[in-house]
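Student: I have a structure here, written as structure tokens, and I will follow up with some questions on it.
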Amino acid sequence: MREGQVRIPSGCAISGIIDRSGTPMSGEAIIQSISRMHDRANGLGGGFAAYGIYPEYKEYYAFHIFYDDPSVKRACEEFLERHFDIINLSKIPTRKVREITDEPLIWRYFLLPLPTRLADSQLSEGEYVIKCVFRINIQIKGAYVFSCGKNMGVFKGVGYPEDIGRFYRLEEYQGYCFTAHGRYPTNTPGWWGGAHPFALLDYSVVHNGEISSYDANRRSIEMYGYTCTLQTDTEVITYLIDYLHRKRGLTLSETASVLAAPFWQEIDRMPEAERARYSYLRNVYAAQLITGPFSILVGFTGGMMALNDRLKLRSMVVGEKGDRVYIASEEAAIRAVEPELDGVWSPEGGQPVIVELYGRET
Amino acid sequence: MMALDLFYPRFDVVRNRERCTLCGACISQCANGVHSRAEDGREMLADPTRCVNCQRCVALCPTRALKIVKSDNAVQENANWSGKAIREIYRQAESGGVLLSSMGNPAPYPVYFDRMLLNASQVTNPSIDPLREPMETRVFLGPKPQAISRDASGQIESRLPPYLSLSMPVMFSAMSYGSINYNAHESLARAAEELGIFYNTGEGGLHENLYRYGNHTIVQVASGRFGVHPDYLNSGAAIEIKMGQGAKPGIGGHLPGAKIVGDISRTRMIPEHSDAISPAPHHDIYSIEDLRQLVYSLKEATGYQKPVIVKIAAVHNVSAIASGIARSGADIIAIDGFRGGTGAAPTRIRDHVGIPVELALASVDSRLREEGIRDHVSLIVGGSIRSSTDVVKAIALGADCVYIATAALLALGCHLCGSCHTGRCNWGIATQVPELVQRLDPDVGARRLVNLLAAWQHEIMEMMGGMGINAIESLRGNRLMLRGIGLNQKELDILGIKHAGE
């Protein structure tokens with residue numbers, strides 16, 4: 001059974017580390033951090049998103065694709081050749097780990113949209129890429145693009161996250177930001193595509209929670225051309241963020257105040273101009289409000305955003321040490337890699353924590 | 001020949017003679033003249049042929065000496081020829097006329113609201129206690145343009161097309177001044193204001209004393225255009241174009257001249273005692289492009305300050321119609337299901353034309369989403385919403401808001417006897433007879449309406465909290481919160497829900 005056939009609630013652990021100076025770090029720290037929350041996962045899904053890991057290919061879309069078998073790979077590569085310049089392709093390097101079995105074929109492609117096809121489509125480059133990804137994931141059975149951003153990549157699979165990290169040799173990558181996810185699904189899907197993070201272009205989302213607004217959010221976002229194939233919260237949250245931030249041009253903090261809107265009792269007390277703005281956002285983007293428990297880490301080029309649901313029904317802690325900011329479901333996961341912190345605190349429900357590289361702050 | 005027209009009355013008036021004190025309250029309460037005193041004054045008599053079972057005498061009898069029971073007279077009937085069918089034949093053979101009825105469709109069609117069950121949270125996510133946490137029921141009705149614009153400083157410009165803001169997703173549906181009386185209208189207006197919602201004038205104009213409730217009034221423009229003038233249009237918070245009514249799709253309206261008296265005549269702007277005939281179609285709207293012209297005429301007349309609602313009856317091709325309306329400049333679509341009430345409708349039309357609002361709503365909401373235009377309009381549904389659970393289920397199917405009318409009348413004292421068209425409403429609602437009108441005290445009426453919706457709001461909050469939802473917008477269109485029970489696959493597909501257990 002796969003994601004998409006049934007809706008599967010999950011409990012989870014999430015962790016993220018960013019170095020605001022942009023100094024690269026290896027994937028070792030994030031593995032250590034997420035492994036401290038071993039008991040928050042149950043071995044049925046783990047994964048990572050890493051930013052700044054492909055500096056030599058940073059102009060190209062890095063597609064990470066799962067294939068069920070070689071014939072699907074051929075079909076998918078034919079599709080890619082028709083729509084993209086394939087700059088480079090290779091197997092994603094892995095190592096054998098006893099706990100990780102039944103892995104699919106895992107390939108990586110660096111791509112640029114074919115200029116003529118892109119022009120014919122009358123789409124922006126991002127839209128074009130997204131449309132191609134949707135077509136592969138929906139139409140080519142057995143192929144699944146799970147990462148398609150620039151200078152970033154998702155690494156995920158079925159297993160405990162620390163085992164998945166070792167499987168993908170994550171410690172060999174150097175990046176300025178990593179997020180991680182350990183999954184506790186209440187069901188037993190064995191499909192690698194269903195693990196998290198979920199990513200679209202440069203956005204990646206790891207999420208702990210089970211949102212109660214799921215179907216309202218899903219039906220609203222599908223109206224704007226997104227197709228929810230996995231029936232997971234993370235998928236729909238990623239699309240909401242892509243829609244609000246990239247397509248509608250809301251800032252990250254405005255996006256956060258749509259997803260986890262302030263209560264009316266707060267808005268009604270705000271000064272006039274602010275009240276008008278927040279009322280506007282709640283009115284216009286009512287269908288994008290998320291209710292029910294969630295804590296998410298959103299990775300994007302140049303930064304990371306953490307957000308809790310407005311009642312803070314899931315734990316999330318922030319720690320700082322020098323240039324580095326750590327955000328995790330539990331403080332223990334931060335202390336595991338940085339015992340001596342400059343500060344540690346719990347963001348309030350609905351209050352986004354936006355951490356960006358120096359010089360990129362909005 | 002007379003014997004052919006006589007049949008045993010539907011109700012028996014049962015009087016407990018030990019309790020009856022011969023006080024005569026029943027005589028003064030019954031406008032239908034059921035009760036009388038025997039000539040010798042020592043006994044009360046009843047003529048059950050006049051009884052409509054409105055329960056007025058039962059409720060007002062000080063010694064509880066009265067009850068009305070269904071007649072157990074054994075009319076020869078069978079599974080094909082019901083007593084009702086037989087009786088209707090006799091009546092038409094006598095009168096040669098169209099059968100008339102009042103209130104909503106009473107026939108035993110499936111009520112889909114009663115075939116859907118709600119969800120609650122457990123273990124994997126928590127329910128939310130509305131006594132401890134904010135539980136938000138505020139809704140906005142109107143188009144939601146998704147593109148933003150920013151001012152020079154980069155701030156979002158928070159200008160929106162005209163919209164309605166409501167404290168909860170329930171409004172009082174259209175009932176005209178004339179079909180119901182001034183006291184009923186005042187009760188609705190005052191309750192709407194106190195609740196932070198809206199009531200609807202229906203097609204009868206707006207009495208000048210009620211203009212002060214304009215911020216909580218939706219003014220209706222229907223095919224007869226009764227009472228429509230610039231001040232009227234500008235007095236309300238929104239304008240509703242009534243294209244159809246769930247109780248009588250395809251049919252106009254007829255308020256008999258007997259009811260067109262005094263203020264009603266003045267408010268409708270027609271002479272006293274003239275029949276008020278609303279044509280079946282609007283004679284300036286024979287197609288969707290004509291509707292667009294009326295929408296914009298009304299917007300021009302009101303300076304583009306008011307949202308325009310287009311109300312349609314739920315009929316077979318309702319989703320195509322709604323899709324056209326969503327592109328007509330209308331801001332809100334109201335869909336009225338075939339169980340919706342009426343002051344008078346041809347019985348055959350009421351009982352056989354149109355479709356259930358649950359199916360109409362599900363299909364319209366899905367269609368507008370498929371076409372990517374669900375944001376262009378808000379959806380209101382009515383006909384018939386009976387309880388807070390109907391509200392929650394309608395919202396979960398995709399409605400932004402619901403209209404209630406029969407439920408509001410019940411709160412005002414209506415006992416659903418279905419005799420509005422006779423004009424002798426003993427509860428003082430659907431009548432213009434002064435001594436009957438005064439039975440409805442607007443102070444009491446408004447309070448009972450406020451109580452009803454305050455109770456519903458509490459219940460809605462409890463159900464939302466149980467589902468782990470603390471803002472009504474997260475319930476809207478959230479069909480995963482619904483499961484069908486005893487429905488076939490086609491019904492489930494149309495409703496867009498799974499079966500219980502799935």
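Just so we're on the same page: first chain in the structure tokens is A, next is B, and so on; residues restart at 1 for each chain, and ligands are numbered from 1 in the order they show up.
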Write out as an MDAnalysis selection string each polymer residue whose atoms come within 12 Å of Phe178 (chain A), counting only C-alpha atoms; drop sequence neighbours fewer than 5 positions from it.

Tutor: chainID A and resid 14:19 22 24:34 47:53 152:155 165 170:171 173 197 204:206 297:305 324:328

Student: For the interface of chain B with chain A (cut-off 6 Å, counting only C-alpha atoms), please tabulate each contacting residue of chain B alongside its nearest pair of atoms and their separation in Å to one decimal, rows sorted by chain and increasing number, as a Markdown table.

Tutor:
| residue | atom | partner | partner_atom | distance |
| --- | --- | --- | --- | --- |
| B:Asn125 | CA | A:Glu210 | CA | 5.9 |
| B:Lys144 | CA | A:Val284 | CA | 5.0 |
| B:Ser158 | CA | A:Arg277 | CA | 5.5 |
| B:Arg369 | CA | A:Met223 | CA | 5.5 |
| B:Gly372 | CA | A:Met223 | CA | 5.2 |
| B:Gly468 | CA | A:Gly292 | CA | 5.6 |
| B:Ile469 | CA | A:Thr291 | CA | 5.7 |
| B:Glu473 | CA | A:Ala286 | CA | 5.8 |
| B:Ser474 | CA | A:Ser213 | CA | 4.8 |
| B:Gly477 | CA | A:Ala216 | CA | 5.2 |
| B:Asn478 | CA | A:Ala216 | CA | 4.2 |
| B:Leu480 | CA | A:Asp215 | CA | 5.9 |

Student: Dump N, CA and C atoms for the selected residues as a PDB file, in the first residue's frame?

Tutor:
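Output (part18.pdb):
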ATOM      1  N   ASN B 125      -4.517  13.332  16.714  1.00  0.00           N
ATOM      2  CA  ASN B 125      -4.565  14.773  16.944  1.00  0.00           C
ATOM      3  C   ASN B 125      -5.660  15.071  17.950  1.00  0.00           C
ATOM      4  N   LYS B 144     -13.181  36.525  -3.593  1.00  0.00           N
ATOM      5  CA  LYS B 144     -11.864  36.586  -2.955  1.00  0.00           C
ATOM      6  C   LYS B 144     -10.780  36.669  -4.018  1.00  0.00           C
ATOM      7  N   SER B 158      -5.093  46.581   1.510  1.00  0.00           N
ATOM      8  CA  SER B 158      -6.143  45.687   2.007  1.00  0.00           C
ATOM      9  C   SER B 158      -7.528  46.093   1.508  1.00  0.00           C
ATOM     10  N   ARG B 369     -15.016  24.487  -8.381  1.00  0.00           N
ATOM     11  CA  ARG B 369     -13.594  24.206  -8.135  1.00  0.00           C
ATOM     12  C   ARG B 369     -12.931  23.655  -9.390  1.00  0.00           C
ATOM     13  N   GLY B 372     -12.099  26.315 -11.493  1.00  0.00           N
ATOM     14  CA  GLY B 372     -11.171  27.289 -10.921  1.00  0.00           C
ATOM     15  C   GLY B 372     -11.808  28.620 -10.571  1.00  0.00           C
ATOM     16  N   GLY B 468     -11.271  18.999  15.972  1.00  0.00           N
ATOM     17  CA  GLY B 468      -9.931  19.588  16.029  1.00  0.00           C
ATOM     18  C   GLY B 468      -9.793  20.803  15.144  1.00  0.00           C
ATOM     19  N   ILE B 469     -10.927  21.432  14.853  1.00  0.00           N
ATOM     20  CA  ILE B 469     -10.933  22.597  13.967  1.00  0.00           C
ATOM     21  C   ILE B 469     -11.344  23.808  14.790  1.00  0.00           C
ATOM     22  N   GLU B 473     -13.439  28.408   8.645  1.00  0.00           N
ATOM     23  CA  GLU B 473     -12.955  28.304   7.261  1.00  0.00           C
ATOM     24  C   GLU B 473     -12.232  26.984   7.022  1.00  0.00           C
ATOM     25  N   SER B 474     -11.726  26.376   8.081  1.00  0.00           N
ATOM     26  CA  SER B 474     -11.064  25.086   7.907  1.00  0.00           C
ATOM     27  C   SER B 474     -12.057  23.931   7.832  1.00  0.00           C
ATOM     28  N   GLY B 477     -15.827  23.006   2.989  1.00  0.00           N
ATOM     29  CA  GLY B 477     -15.392  22.121   1.914  1.00  0.00           C
ATOM     30  C   GLY B 477     -14.535  20.970   2.403  1.00  0.00           C
ATOM     31  N   ASN B 478     -14.442  20.792   3.703  1.00  0.00           N
ATOM     32  CA  ASN B 478     -13.599  19.748   4.301  1.00  0.00           C
ATOM     33  C   ASN B 478     -14.400  18.447   4.347  1.00  0.00           C
ATOM     34  N   LEU B 480     -13.658  15.418   4.090  1.00  0.00           N
ATOM     35  CA  LEU B 480     -13.149  14.263   4.848  1.00  0.00           C
ATOM     36  C   LEU B 480     -13.788  14.181   6.225  1.00  0.00           C
TER      37      LEU B 480
END

Student: Region 161-220 of chain B: which residues are helix (DSSP H, G or I) by DSSP, as a ChimeraX atom specification?

Tutor: /B:182-195,208-216

Student: Now that the selection is made, can you save its residues with C-alpha atoms as an mmCIF file, in the first residue's frame?

Tutor:
data_model
loop_
_atom_site.group_PDB
_atom_site.id
_atom_site.type_symbol
_atom_site.label_atom_id
_atom_site.label_comp_id
_atom_site.auth_asym_id
_atom_site.auth_seq_id
_atom_site.Cartn_x
_atom_site.Cartn_y
_atom_site.Cartn_z
ATOM 1 C CA TYR B 182 -44.547 43.558 10.365
ATOM 2 C CA ASN B 183 -43.995 42.031 13.795
ATOM 3 C CA ALA B 184 -42.321 38.995 12.267
ATOM 4 C CA HIS B 185 -40.094 41.238 10.146
ATOM 5 C CA GLU B 186 -39.156 43.367 13.101
ATOM 6 C CA SER B 187 -38.305 40.264 15.118
ATOM 7 C CA LEU B 188 -35.996 39.053 12.337
ATOM 8 C CA ALA B 189 -34.373 42.453 11.857
ATOM 9 C CA ARG B 190 -33.666 42.975 15.527
ATOM 10 C CA ALA B 191 -32.348 39.456 15.968
ATOM 11 C CA ALA B 192 -30.077 39.818 12.933
ATOM 12 C CA GLU B 193 -28.639 43.015 14.350
ATOM 13 C CA GLU B 194 -28.073 41.557 17.778
ATOM 14 C CA LEU B 195 -26.491 38.406 16.341
ATOM 15 C CA GLU B 208 -39.731 52.466 6.441
ATOM 16 C CA ASN B 209 -39.497 51.812 10.186
ATOM 17 C CA LEU B 210 -37.049 48.992 9.524
ATOM 18 C CA TYR B 211 -34.545 50.992 7.485
ATOM 19 C CA ARG B 212 -32.569 51.515 10.670
ATOM 20 C CA TYR B 213 -31.645 47.824 10.613
ATOM 21 C CA GLY B 214 -30.266 48.294 7.075
ATOM 22 C CA ASN B 215 -26.723 47.229 8.016
ATOM 23 C CA HIS B 216 -28.150 43.810 8.798
#

Student: Fewer than 2 positions away in the same chain doesn't count, so skip those; otherwise give me all residues within 8 Å of Pro346 (chain B), counting only C-alpha atoms, as JSON, numbers by chain.

Tutor: {"B": [98, 99, 100, 101, 248, 344, 348, 349, 350]}

Student: Neighbouring residues of Glu81 (chain A) were defined as those with any atom within 12 Å, considering only C-alpha atoms; residues of the same chain fewer than 5 positions away were excluded. Please report them as a ChimeraX atom specification.

Tutor: /A:74-76,86-89,109-114,117,132

Student: Between CA of Pro62 (chain B) and CA of Gly33 (chain B), what is the distance in Å, rounded to a tenth?

Tutor: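 Straight-line distance from CA of Pro62 (chain B) to CA of Gly33 (chain B) works out to 18.7 Å.
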
Student: So how many Å separate CA of Leu44 (chain A) and CA of Tyr160 (chain A), to one decimal?

Tutor: 6.7 Å

Student: Quick one: pull the distance between CA of Arg40 (chain A) and CA of Arg335 (chain A), Å, one decimal.

Tutor: 16.5 Å

Student: Quick one: residues within 8 Å of Gly196 (chain B), only C-alpha atoms, excluding same-chain residues fewer than 6 positions away - as a list in words?

Tutor: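 These residues fall inside the cut-off: Leu166, Ser167, Met168 and His216 of chain B.
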
Student: Would you mind telling me which residue in A:Tyr176, A:Tyr226, A:Tyr54, A:Trp191 lies nearest to Asp68 (chain A) when using only C-alpha atoms?

Tutor: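 Nearest to Asp68 (chain A): A:Trp191.
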
Student: Need the shell around Pro9 (chain B): protein/DNA/RNA residues with any atom at most 10 Å away, counting only C-alpha atoms. Skip same-chain ones fewer than 5 positions apart. Format as an MDAnalysis selection string?

Tutor: chainID B and resid 47:52 70:73

Student: Where does DSSP see strand (DSSP E or B) in region 17-232 of chain B, if you list the residues as a PyMOL selection string?

Tutor: chain B and resi 35-37+44-46+66-70+100-101+116-118+136+139-141+150+156+164-166+170-172+177+180+199-200+217-221

Student: Any chance you could export the current selection's C-alpha atoms as a PDB file, in the first residue's frame?

Tutor:
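Result saved to selection.pdb:
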ATOM      1  CA  HIS B  35     -64.522  25.882  18.641  1.00  0.00           C
ATOM      2  CA  SER B  36     -67.902  27.171  19.721  1.00  0.00           C
ATOM      3  CA  ARG B  37     -70.123  27.161  22.759  1.00  0.00           C
ATOM      4  CA  MET B  44     -68.008  23.350  24.208  1.00  0.00           C
ATOM      5  CA  LEU B  45     -68.369  22.120  20.655  1.00  0.00           C
ATOM      6  CA  ALA B  46     -65.789  21.566  17.906  1.00  0.00           C
ATOM      7  CA  LEU B  66     -57.504  19.863  24.588  1.00  0.00           C
ATOM      8  CA  LYS B  67     -55.538  17.747  22.214  1.00  0.00           C
ATOM      9  CA  ILE B  68     -55.613  17.314  18.466  1.00  0.00           C
ATOM     10  CA  VAL B  69     -55.096  13.805  17.151  1.00  0.00           C
ATOM     11  CA  LYS B  70     -54.797  12.346  13.704  1.00  0.00           C
ATOM     12  CA  LEU B 100     -52.119  24.902  -3.040  1.00  0.00           C
ATOM     13  CA  SER B 101     -49.840  24.188  -0.110  1.00  0.00           C
ATOM     14  CA  MET B 116     -24.052  11.838   6.714  1.00  0.00           C
ATOM     15  CA  LEU B 117     -22.030  11.479   9.894  1.00  0.00           C
ATOM     16  CA  LEU B 118     -19.410  13.822  11.346  1.00  0.00           C
ATOM     17  CA  GLU B 136     -13.942  31.052  15.435  1.00  0.00           C
ATOM     18  CA  VAL B 139     -17.260  34.338   7.940  1.00  0.00           C
ATOM     19  CA  PHE B 140     -17.036  36.708   5.004  1.00  0.00           C
ATOM     20  CA  LEU B 141     -19.263  36.444   1.974  1.00  0.00           C
ATOM     21  CA  ARG B 150       1.268  46.562  -2.562  1.00  0.00           C
ATOM     22  CA  ILE B 156      -0.346  44.851   1.165  1.00  0.00           C
ATOM     23  CA  LEU B 164     -20.608  40.752   4.116  1.00  0.00           C
ATOM     24  CA  SER B 165     -19.096  39.926   7.483  1.00  0.00           C
ATOM     25  CA  LEU B 166     -21.051  37.579   9.755  1.00  0.00           C
ATOM     26  CA  VAL B 170     -26.265  31.446   9.365  1.00  0.00           C
ATOM     27  CA  MET B 171     -28.684  34.069   8.034  1.00  0.00           C
ATOM     28  CA  PHE B 172     -32.438  34.492   7.924  1.00  0.00           C
ATOM     29  CA  TYR B 177     -43.429  41.695   4.230  1.00  0.00           C
ATOM     30  CA  ILE B 180     -45.354  37.465   6.980  1.00  0.00           C
ATOM     31  CA  TYR B 199     -32.056  38.912   7.445  1.00  0.00           C
ATOM     32  CA  ASN B 200     -33.652  39.160   4.022  1.00  0.00           C
ATOM     33  CA  THR B 217     -30.598  43.633   5.931  1.00  0.00           C
ATOM     34  CA  ILE B 218     -30.375  41.975   2.536  1.00  0.00           C
ATOM     35  CA  VAL B 219     -32.823  43.626   0.179  1.00  0.00           C
ATOM     36  CA  GLN B 220     -34.352  41.390  -2.443  1.00  0.00           C
ATOM     37  CA  VAL B 221     -35.189  42.177  -6.040  1.00  0.00           C
TER      38      VAL B 221
END

Student: Set the distance at 10 Å and use only C-alpha atoms: which residues neighbour Leu291 (chain B) once local chain neighbours fewer than 2 positions away are removed? I'd like the list as a VMD selection string.

Tutor: chain B and resid 241 243 282 284 to 289 293 to 297 310 324 to 325 328 to 330

Student: Residues as selected, C-alpha atoms, written as a CSV table (one decimal), in the first residue's frame, can you do that?

Tutor:
chain,number,residue,atom,x,y,z
B,241,ILE,CA,-31.7,38.9,-7.1
B,243,MET,CA,-34.2,34.0,-9.8
B,282,HIS,CA,-37.9,38.0,-14.7
B,284,ASP,CA,-36.0,41.3,-18.5
B,285,ILE,CA,-33.9,38.1,-17.9
B,286,TYR,CA,-34.3,35.4,-20.5
B,287,SER,CA,-30.7,34.4,-20.5
B,288,ILE,CA,-27.4,34.5,-18.5
B,289,GLU,CA,-26.3,37.7,-20.3
B,293,GLN,CA,-27.1,43.3,-17.0
B,294,LEU,CA,-29.3,43.3,-14.0
B,295,VAL,CA,-26.4,42.5,-11.7
B,296,TYR,CA,-24.5,45.5,-13.0
B,297,SER,CA,-27.6,47.7,-13.1
B,310,VAL,CA,-28.2,35.7,-7.0
B,324,GLY,CA,-22.7,30.9,-15.4
B,325,ILE,CA,-23.7,33.1,-12.5
B,328,SER,CA,-22.0,37.1,-14.3
B,329,GLY,CA,-20.6,39.6,-11.9
B,330,ALA,CA,-22.6,38.2,-9.0
